[in-house]
Amino acid sequence: MSCLTTTLLATSLVGCGDAATLTLSNGERRELNDYRGRWLVVNYFAEWCAPCLREMPLLNELNERNELSDAEGPAVLAVSFDALPPAELDRLKTDYRMTMPVVASLAGPWPFETPRALPTTLVINPRGKLVDSHQGELKAEDLARWQAQYWD
């Protein structure tokens with residue numbers, strides 16, 4: 001193969017890696033691209049994190065307002081910081097009345113790194129780019145600010 005052909009082939013493969021994927025607590029797999037064209041709020045939580053559990057009602061409210069009523073707001077994902085088996089994640093979802101999908105794991109090139117502090121909430125725009133993040137417990141005013149700034 002000529003050098004030019006090899007260079008063109010190598011260039012065309014750049015960026016063709018694996019897709020950013022997630023596995024839900026029920027085993028269903030999705031891709032970040034499934035949310036393309038829509039705002040996405042990704043919240044990292046853990047059962048041992050008291051602020052994480054205190055903010056769940058706000059995240060449930062955001063999810064219910066948008067997912068269950070077909071509003072134009074963001075999709076919400078709750079990502080388990082700890083690698084827990086599906087049955088344990090389902091128990092957490094039930095115990096904390098989580099209405100949003102619970103994610104067991106993320107793989108591939110997500111537009112953020114795994115957080116070092118909990119809770120951490122990330123806002124991804126409709127093109128799949130990280131545009132905002134919040135470390136610490138979310139308050140109603142945080143969600144109101146994001147709504148006014150991004151999806152209102």
# chains A, B, ... in the order shown; residues from 1 in each chain; ligands from 1
call {"tool": "select_by_dssp", "arguments": {"residues": "chain A", "states": "alpha helix (DSSP H)", "output": "ChimeraX atom specification"}}
result
/A:3-13,50-66,86-95,140-146
call {"tool": "residues_around", "arguments": {"residues": "A:Glu28", "least_positions_apart": "5", "cutoff": "12 Å", "atoms": "only C-alpha atoms", "output": "list in words"}}
result
Thr21, Leu22, Thr23, Pro86, Pro101, Val102, Val103, Ala104 and Ser105 of chain A
call {"tool": "write_last_selection", "arguments": {"atoms": "C-alpha atoms", "output": "PDB file, in the first residue's frame"}}
result
ATOM      1  CA  THR A  21     -22.689   3.368  26.005  1.00  0.00           C
ATOM      2  CA  LEU A  22     -24.523   2.747  29.242  1.00  0.00           C
ATOM      3  CA  THR A  23     -26.009  -0.334  30.816  1.00  0.00           C
ATOM      4  CA  PRO A  86     -28.653  -5.510  39.236  1.00  0.00           C
ATOM      5  CA  PRO A 101     -33.397   5.161  34.708  1.00  0.00           C
ATOM      6  CA  VAL A 102     -30.641   3.831  36.991  1.00  0.00           C
ATOM      7  CA  VAL A 103     -27.340   3.186  35.236  1.00  0.00           C
ATOM      8  CA  ALA A 104     -25.139   0.313  36.369  1.00  0.00           C
ATOM      9  CA  SER A 105     -22.167   1.264  34.191  1.00  0.00           C
TER      10      SER A 105
END
call {"tool": "closest_residue", "arguments": {"among": "A:Pro74, A:Pro111, A:Gly37, A:Gly27", "to": "A:Arg127", "atoms": "only C-alpha atoms"}}
result
A:Gly37
call {"tool": "closest_residue", "arguments": {"among": "A:Asp142, A:Asn66, A:Gln135, A:Asp82", "to": "A:Arg38", "atoms": "only C-alpha atoms"}}
result
A:Asn66
call {"tool": "closest_residue", "arguments": {"among": "A:Val42, A:Leu92, A:Leu106, A:Leu53", "to": "A:Leu77", "atoms": "only C-alpha atoms"}}
result
A:Val42
call {"tool": "select_by_dssp", "arguments": {"residues": "stretch 22-130 of chain A", "states": "strand (DSSP E)", "output": "ChimeraX atom specification"}}
result
/A:22-24,29-31,40-45,75-80,102-107,120-124,130
call {"tool": "write_last_selection", "arguments": {"atoms": "C-alpha atoms", "output": "PDB file, in the first residue's frame"}}
result
ATOM      1  CA  LEU A  22     -24.523   2.747  29.242  1.00  0.00           C
ATOM      2  CA  THR A  23     -26.009  -0.334  30.816  1.00  0.00           C
ATOM      3  CA  LEU A  24     -29.150   0.141  32.870  1.00  0.00           C
ATOM      4  CA  ARG A  29     -27.914  -1.100  26.806  1.00  0.00           C
ATOM      5  CA  ARG A  30     -28.194   2.381  25.342  1.00  0.00           C
ATOM      6  CA  GLU A  31     -25.826   4.826  23.668  1.00  0.00           C
ATOM      7  CA  LEU A  40     -29.288  15.145  29.425  1.00  0.00           C
ATOM      8  CA  VAL A  41     -28.723  15.413  33.181  1.00  0.00           C
ATOM      9  CA  VAL A  42     -26.391  12.718  34.533  1.00  0.00           C
ATOM     10  CA  ASN A  43     -26.269  12.343  38.309  1.00  0.00           C
ATOM     11  CA  TYR A  44     -23.696  10.185  40.089  1.00  0.00           C
ATOM     12  CA  PHE A  45     -24.962   8.804  43.396  1.00  0.00           C
ATOM     13  CA  ALA A  75     -33.676  13.282  30.196  1.00  0.00           C
ATOM     14  CA  VAL A  76     -32.322  12.294  33.620  1.00  0.00           C
ATOM     15  CA  LEU A  77     -29.982   9.394  34.377  1.00  0.00           C
ATOM     16  CA  ALA A  78     -28.896   8.277  37.855  1.00  0.00           C
ATOM     17  CA  VAL A  79     -25.493   6.574  37.649  1.00  0.00           C
ATOM     18  CA  SER A  80     -24.426   4.269  40.469  1.00  0.00           C
ATOM     19  CA  VAL A 102     -30.641   3.831  36.991  1.00  0.00           C
ATOM     20  CA  VAL A 103     -27.340   3.186  35.236  1.00  0.00           C
ATOM     21  CA  ALA A 104     -25.139   0.313  36.369  1.00  0.00           C
ATOM     22  CA  SER A 105     -22.167   1.264  34.191  1.00  0.00           C
ATOM     23  CA  LEU A 106     -20.867   3.616  31.519  1.00  0.00           C
ATOM     24  CA  ALA A 107     -18.370   2.639  28.832  1.00  0.00           C
ATOM     25  CA  THR A 120     -21.886  15.121  41.051  1.00  0.00           C
ATOM     26  CA  THR A 121     -24.402  16.179  38.431  1.00  0.00           C
ATOM     27  CA  LEU A 122     -23.478  16.860  34.811  1.00  0.00           C
ATOM     28  CA  VAL A 123     -25.401  18.652  32.064  1.00  0.00           C
ATOM     29  CA  ILE A 124     -24.884  17.462  28.484  1.00  0.00           C
ATOM     30  CA  LEU A 130     -20.638  18.618  28.574  1.00  0.00           C
TER      31      LEU A 130
END
call {"tool": "closest_residue", "arguments": {"among": "A:Ala144, A:Phe81, A:Pro126, A:Phe112", "to": "A:Cys52", "atoms": "only C-alpha atoms"}}
result
A:Phe81
call {"tool": "residues_around", "arguments": {"residues": "A:Trp151", "least_positions_apart": "2", "cutoff": "10 Å", "atoms": "only C-alpha atoms", "output": "PDB file with N, CA, C and O atoms, in the first residue's frame"}}
result
ATOM      1  N   ARG A  38     -31.401  16.137  22.561  1.00  0.00           N
ATOM      2  CA  ARG A  38     -32.093  16.344  23.832  1.00  0.00           C
ATOM      3  C   ARG A  38     -31.067  16.660  24.914  1.00  0.00           C
ATOM      4  O   ARG A  38     -29.960  16.139  24.913  1.00  0.00           O
ATOM      5  N   TRP A  39     -31.428  17.521  25.845  1.00  0.00           N
ATOM      6  CA  TRP A  39     -30.578  17.779  27.006  1.00  0.00           C
ATOM      7  C   TRP A  39     -30.557  16.526  27.865  1.00  0.00           C
ATOM      8  O   TRP A  39     -31.530  15.765  27.893  1.00  0.00           O
ATOM      9  N   GLU A  72     -40.194  19.504  27.182  1.00  0.00           N
ATOM     10  CA  GLU A  72     -38.977  19.682  26.395  1.00  0.00           C
ATOM     11  C   GLU A  72     -37.704  19.686  27.232  1.00  0.00           C
ATOM     12  O   GLU A  72     -36.640  19.964  26.728  1.00  0.00           O
ATOM     13  N   GLY A  73     -37.806  19.409  28.505  1.00  0.00           N
ATOM     14  CA  GLY A  73     -36.640  19.434  29.376  1.00  0.00           C
ATOM     15  C   GLY A  73     -35.741  18.227  29.179  1.00  0.00           C
ATOM     16  O   GLY A  73     -35.921  17.434  28.245  1.00  0.00           O
ATOM     17  N   PRO A  74     -34.783  18.064  30.065  1.00  0.00           N
ATOM     18  CA  PRO A  74     -33.769  17.022  29.887  1.00  0.00           C
ATOM     19  C   PRO A  74     -34.246  15.626  30.272  1.00  0.00           C
ATOM     20  O   PRO A  74     -35.153  15.462  31.074  1.00  0.00           O
ATOM     21  N   ASN A 125     -25.356  18.826  26.551  1.00  0.00           N
ATOM     22  CA  ASN A 125     -26.236  19.510  25.601  1.00  0.00           C
ATOM     23  C   ASN A 125     -26.756  18.543  24.530  1.00  0.00           C
ATOM     24  O   ASN A 125     -26.311  17.387  24.454  1.00  0.00           O
ATOM     25  N   PRO A 126     -27.692  18.992  23.703  1.00  0.00           N
ATOM     26  CA  PRO A 126     -28.269  18.106  22.681  1.00  0.00           C
ATOM     27  C   PRO A 126     -27.277  17.578  21.645  1.00  0.00           C
ATOM     28  O   PRO A 126     -27.589  16.637  20.926  1.00  0.00           O
ATOM     29  N   ARG A 145     -31.850  27.409  37.698  1.00  0.00           N
ATOM     30  CA  ARG A 145     -30.837  28.122  36.915  1.00  0.00           C
ATOM     31  C   ARG A 145     -30.544  27.377  35.617  1.00  0.00           C
ATOM     32  O   ARG A 145     -30.482  27.972  34.540  1.00  0.00           O
ATOM     33  N   TRP A 146     -30.374  26.053  35.700  1.00  0.00           N
ATOM     34  CA  TRP A 146     -30.114  25.265  34.495  1.00  0.00           C
ATOM     35  C   TRP A 146     -31.297  25.350  33.541  1.00  0.00           C
ATOM     36  O   TRP A 146     -31.115  25.469  32.334  1.00  0.00           O
ATOM     37  N   GLN A 147     -32.499  25.279  34.072  1.00  0.00           N
ATOM     38  CA  GLN A 147     -33.675  25.362  33.211  1.00  0.00           C
ATOM     39  C   GLN A 147     -33.694  26.694  32.463  1.00  0.00           C
ATOM     40  O   GLN A 147     -33.908  26.728  31.255  1.00  0.00           O
ATOM     41  N   ALA A 148     -33.478  27.785  33.184  1.00  0.00           N
ATOM     42  CA  ALA A 148     -33.489  29.112  32.545  1.00  0.00           C
ATOM     43  C   ALA A 148     -32.359  29.256  31.535  1.00  0.00           C
ATOM     44  O   ALA A 148     -32.531  29.879  30.481  1.00  0.00           O
ATOM     45  N   GLN A 149     -31.212  28.684  31.864  1.00  0.00           N
ATOM     46  CA  GLN A 149     -30.032  28.850  31.008  1.00  0.00           C
ATOM     47  C   GLN A 149     -30.023  27.908  29.804  1.00  0.00           C
ATOM     48  O   GLN A 149     -29.557  28.276  28.734  1.00  0.00           O
TER      49      GLN A 149
END
call {"tool": "atom_distance", "arguments": {"atom1": "atom CA of A:Val131", "atom2": "atom CA of A:Tyr96"}}
result
27.9 Å
call {"tool": "residues_around", "arguments": {"residues": "A:Ala140", "least_positions_apart": "3", "cutoff": "12 Å", "atoms": "only C-alpha atoms", "output": "list in words"}}
result
Arg54, Glu55, Met56, Pro57, Leu58, Leu59, Asn60, Glu61, Leu62, Glu137, Leu143, Ala144, Arg145, Trp146 and Gln147 of chain A
call {"tool": "write_last_selection", "arguments": {"atoms": "all heavy atoms", "output": "short mmCIF file (atom, residue, chain, number, x, y, z; two decimals), in the first residue's frame"}}
result
data_model
loop_
_atom_site.label_atom_id
_atom_site.label_comp_id
_atom_site.auth_asym_id
_atom_site.auth_seq_id
_atom_site.Cartn_x
_atom_site.Cartn_y
_atom_site.Cartn_z
N ARG A 54 -30.59 12.79 49.57
CA ARG A 54 -31.44 13.96 49.82
C ARG A 54 -31.85 14.66 48.53
O ARG A 54 -32.93 15.24 48.48
CB ARG A 54 -30.72 14.96 50.74
CG ARG A 54 -30.67 14.53 52.19
CD ARG A 54 -30.25 15.68 53.09
NE ARG A 54 -28.97 16.26 52.74
CZ ARG A 54 -27.82 15.96 53.32
NH1 ARG A 54 -27.77 15.07 54.30
NH2 ARG A 54 -26.69 16.57 52.94
N GLU A 55 -31.01 14.61 47.50
CA GLU A 55 -31.35 15.30 46.25
C GLU A 55 -32.21 14.45 45.31
O GLU A 55 -32.72 14.95 44.31
CB GLU A 55 -30.10 15.79 45.53
CG GLU A 55 -29.24 14.71 44.95
CD GLU A 55 -27.94 15.22 44.33
OE1 GLU A 55 -27.60 16.41 44.47
OE2 GLU A 55 -27.25 14.40 43.72
N MET A 56 -32.43 13.18 45.63
CA MET A 56 -33.22 12.31 44.76
C MET A 56 -34.63 12.85 44.49
O MET A 56 -35.10 12.79 43.35
CB MET A 56 -33.31 10.89 45.31
CG MET A 56 -32.14 10.02 44.98
SD MET A 56 -31.84 9.90 43.21
CE MET A 56 -30.08 9.59 43.23
N PRO A 57 -35.34 13.40 45.48
CA PRO A 57 -36.67 13.95 45.15
C PRO A 57 -36.64 15.05 44.09
O PRO A 57 -37.52 15.11 43.23
CB PRO A 57 -37.18 14.48 46.50
CG PRO A 57 -36.47 13.62 47.51
CD PRO A 57 -35.10 13.38 46.92
N LEU A 58 -35.61 15.90 44.11
CA LEU A 58 -35.48 16.94 43.07
C LEU A 58 -35.27 16.31 41.70
O LEU A 58 -35.85 16.76 40.70
CB LEU A 58 -34.31 17.87 43.38
CG LEU A 58 -34.52 18.98 44.37
CD1 LEU A 58 -33.22 19.72 44.64
CD2 LEU A 58 -35.59 19.93 43.89
N LEU A 59 -34.40 15.31 41.64
CA LEU A 59 -34.13 14.64 40.36
C LEU A 59 -35.37 13.89 39.88
O LEU A 59 -35.67 13.88 38.68
CB LEU A 59 -32.93 13.72 40.49
CG LEU A 59 -31.61 14.45 40.72
CD1 LEU A 59 -30.54 13.49 41.20
CD2 LEU A 59 -31.16 15.18 39.46
N ASN A 60 -36.09 13.27 40.81
CA ASN A 60 -37.34 12.61 40.44
C ASN A 60 -38.33 13.62 39.86
O ASN A 60 -38.98 13.35 38.85
CB ASN A 60 -37.98 11.92 41.65
CG ASN A 60 -37.34 10.59 41.97
OD1 ASN A 60 -36.79 9.92 41.11
ND2 ASN A 60 -37.42 10.21 43.23
N GLU A 61 -38.44 14.77 40.51
CA GLU A 61 -39.35 15.81 40.04
C GLU A 61 -38.96 16.27 38.63
O GLU A 61 -39.82 16.42 37.76
CB GLU A 61 -39.33 16.99 41.01
CG GLU A 61 -40.27 18.10 40.64
CD GLU A 61 -40.19 19.26 41.62
OE1 GLU A 61 -39.94 19.04 42.82
OE2 GLU A 61 -40.37 20.40 41.16
N LEU A 62 -37.66 16.49 38.41
CA LEU A 62 -37.19 16.90 37.09
C LEU A 62 -37.52 15.82 36.06
O LEU A 62 -38.01 16.11 34.96
CB LEU A 62 -35.68 17.17 37.13
CG LEU A 62 -35.03 17.60 35.82
CD1 LEU A 62 -35.58 18.94 35.34
CD2 LEU A 62 -33.51 17.68 36.00
N GLU A 137 -24.63 18.62 46.88
CA GLU A 137 -26.08 18.41 46.84
C GLU A 137 -26.76 19.48 45.98
O GLU A 137 -26.53 20.67 46.15
CB GLU A 137 -26.64 18.45 48.25
CG GLU A 137 -28.09 18.12 48.35
CD GLU A 137 -28.58 18.07 49.78
OE1 GLU A 137 -27.75 18.00 50.72
OE2 GLU A 137 -29.81 18.11 49.97
N LEU A 143 -31.39 23.68 39.76
CA LEU A 143 -32.18 23.18 38.63
C LEU A 143 -32.90 24.32 37.93
O LEU A 143 -33.00 24.34 36.70
CB LEU A 143 -33.17 22.12 39.11
CG LEU A 143 -32.54 20.82 39.63
CD1 LEU A 143 -33.62 19.85 40.08
CD2 LEU A 143 -31.63 20.19 38.61
N ALA A 144 -33.40 25.30 38.70
CA ALA A 144 -34.07 26.46 38.10
C ALA A 144 -33.10 27.25 37.23
O ALA A 144 -33.45 27.70 36.12
CB ALA A 144 -34.67 27.34 39.19
N ARG A 145 -31.85 27.41 37.70
CA ARG A 145 -30.84 28.12 36.91
C ARG A 145 -30.54 27.38 35.62
O ARG A 145 -30.48 27.97 34.54
CB ARG A 145 -29.56 28.29 37.74
CG ARG A 145 -28.41 28.97 36.99
CD ARG A 145 -27.18 29.16 37.86
NE ARG A 145 -26.75 27.97 38.59
CZ ARG A 145 -25.98 27.00 38.05
NH1 ARG A 145 -25.56 27.09 36.80
NH2 ARG A 145 -25.62 25.96 38.77
N TRP A 146 -30.37 26.05 35.70
CA TRP A 146 -30.11 25.26 34.50
C TRP A 146 -31.30 25.35 33.54
O TRP A 146 -31.12 25.47 32.33
CB TRP A 146 -29.82 23.82 34.85
CG TRP A 146 -28.45 23.59 35.39
CD1 TRP A 146 -27.37 24.44 35.30
CD2 TRP A 146 -27.98 22.45 36.09
NE1 TRP A 146 -26.28 23.88 35.91
CE2 TRP A 146 -26.63 22.66 36.41
CE3 TRP A 146 -28.57 21.26 36.50
CZ2 TRP A 146 -25.85 21.73 37.10
CZ3 TRP A 146 -27.81 20.35 37.20
CH2 TRP A 146 -26.46 20.57 37.49
N GLN A 147 -32.50 25.28 34.07
CA GLN A 147 -33.67 25.36 33.21
C GLN A 147 -33.69 26.69 32.46
O GLN A 147 -33.91 26.73 31.25
CB GLN A 147 -34.95 25.20 34.04
CG GLN A 147 -36.20 25.28 33.17
CD GLN A 147 -37.45 25.00 33.96
OE1 GLN A 147 -37.43 24.50 35.07
NE2 GLN A 147 -38.59 25.32 33.36
#
call {"tool": "atom_distance", "arguments": {"atom1": "atom CA of A:Glu64", "atom2": "atom CA of A:Pro109"}}
result
28.1 Å
call {"tool": "closest_residue", "arguments": {"among": "A:Asn63, A:Asn26, A:Asn33, A:Ser133", "to": "A:Glu88", "atoms": "only C-alpha atoms"}}
result
A:Asn26
call {"tool": "atom_distance", "arguments": {"atom1": "atom CA of A:Pro119", "atom2": "atom CA of A:Asp34"}}
result
24.4 Å
call {"tool": "closest_residue", "arguments": {"among": "A:Pro115, A:Gly128, A:Gly108, A:Gly136", "to": "A:Ala20", "atoms": "only C-alpha atoms"}}
result
A:Gly108
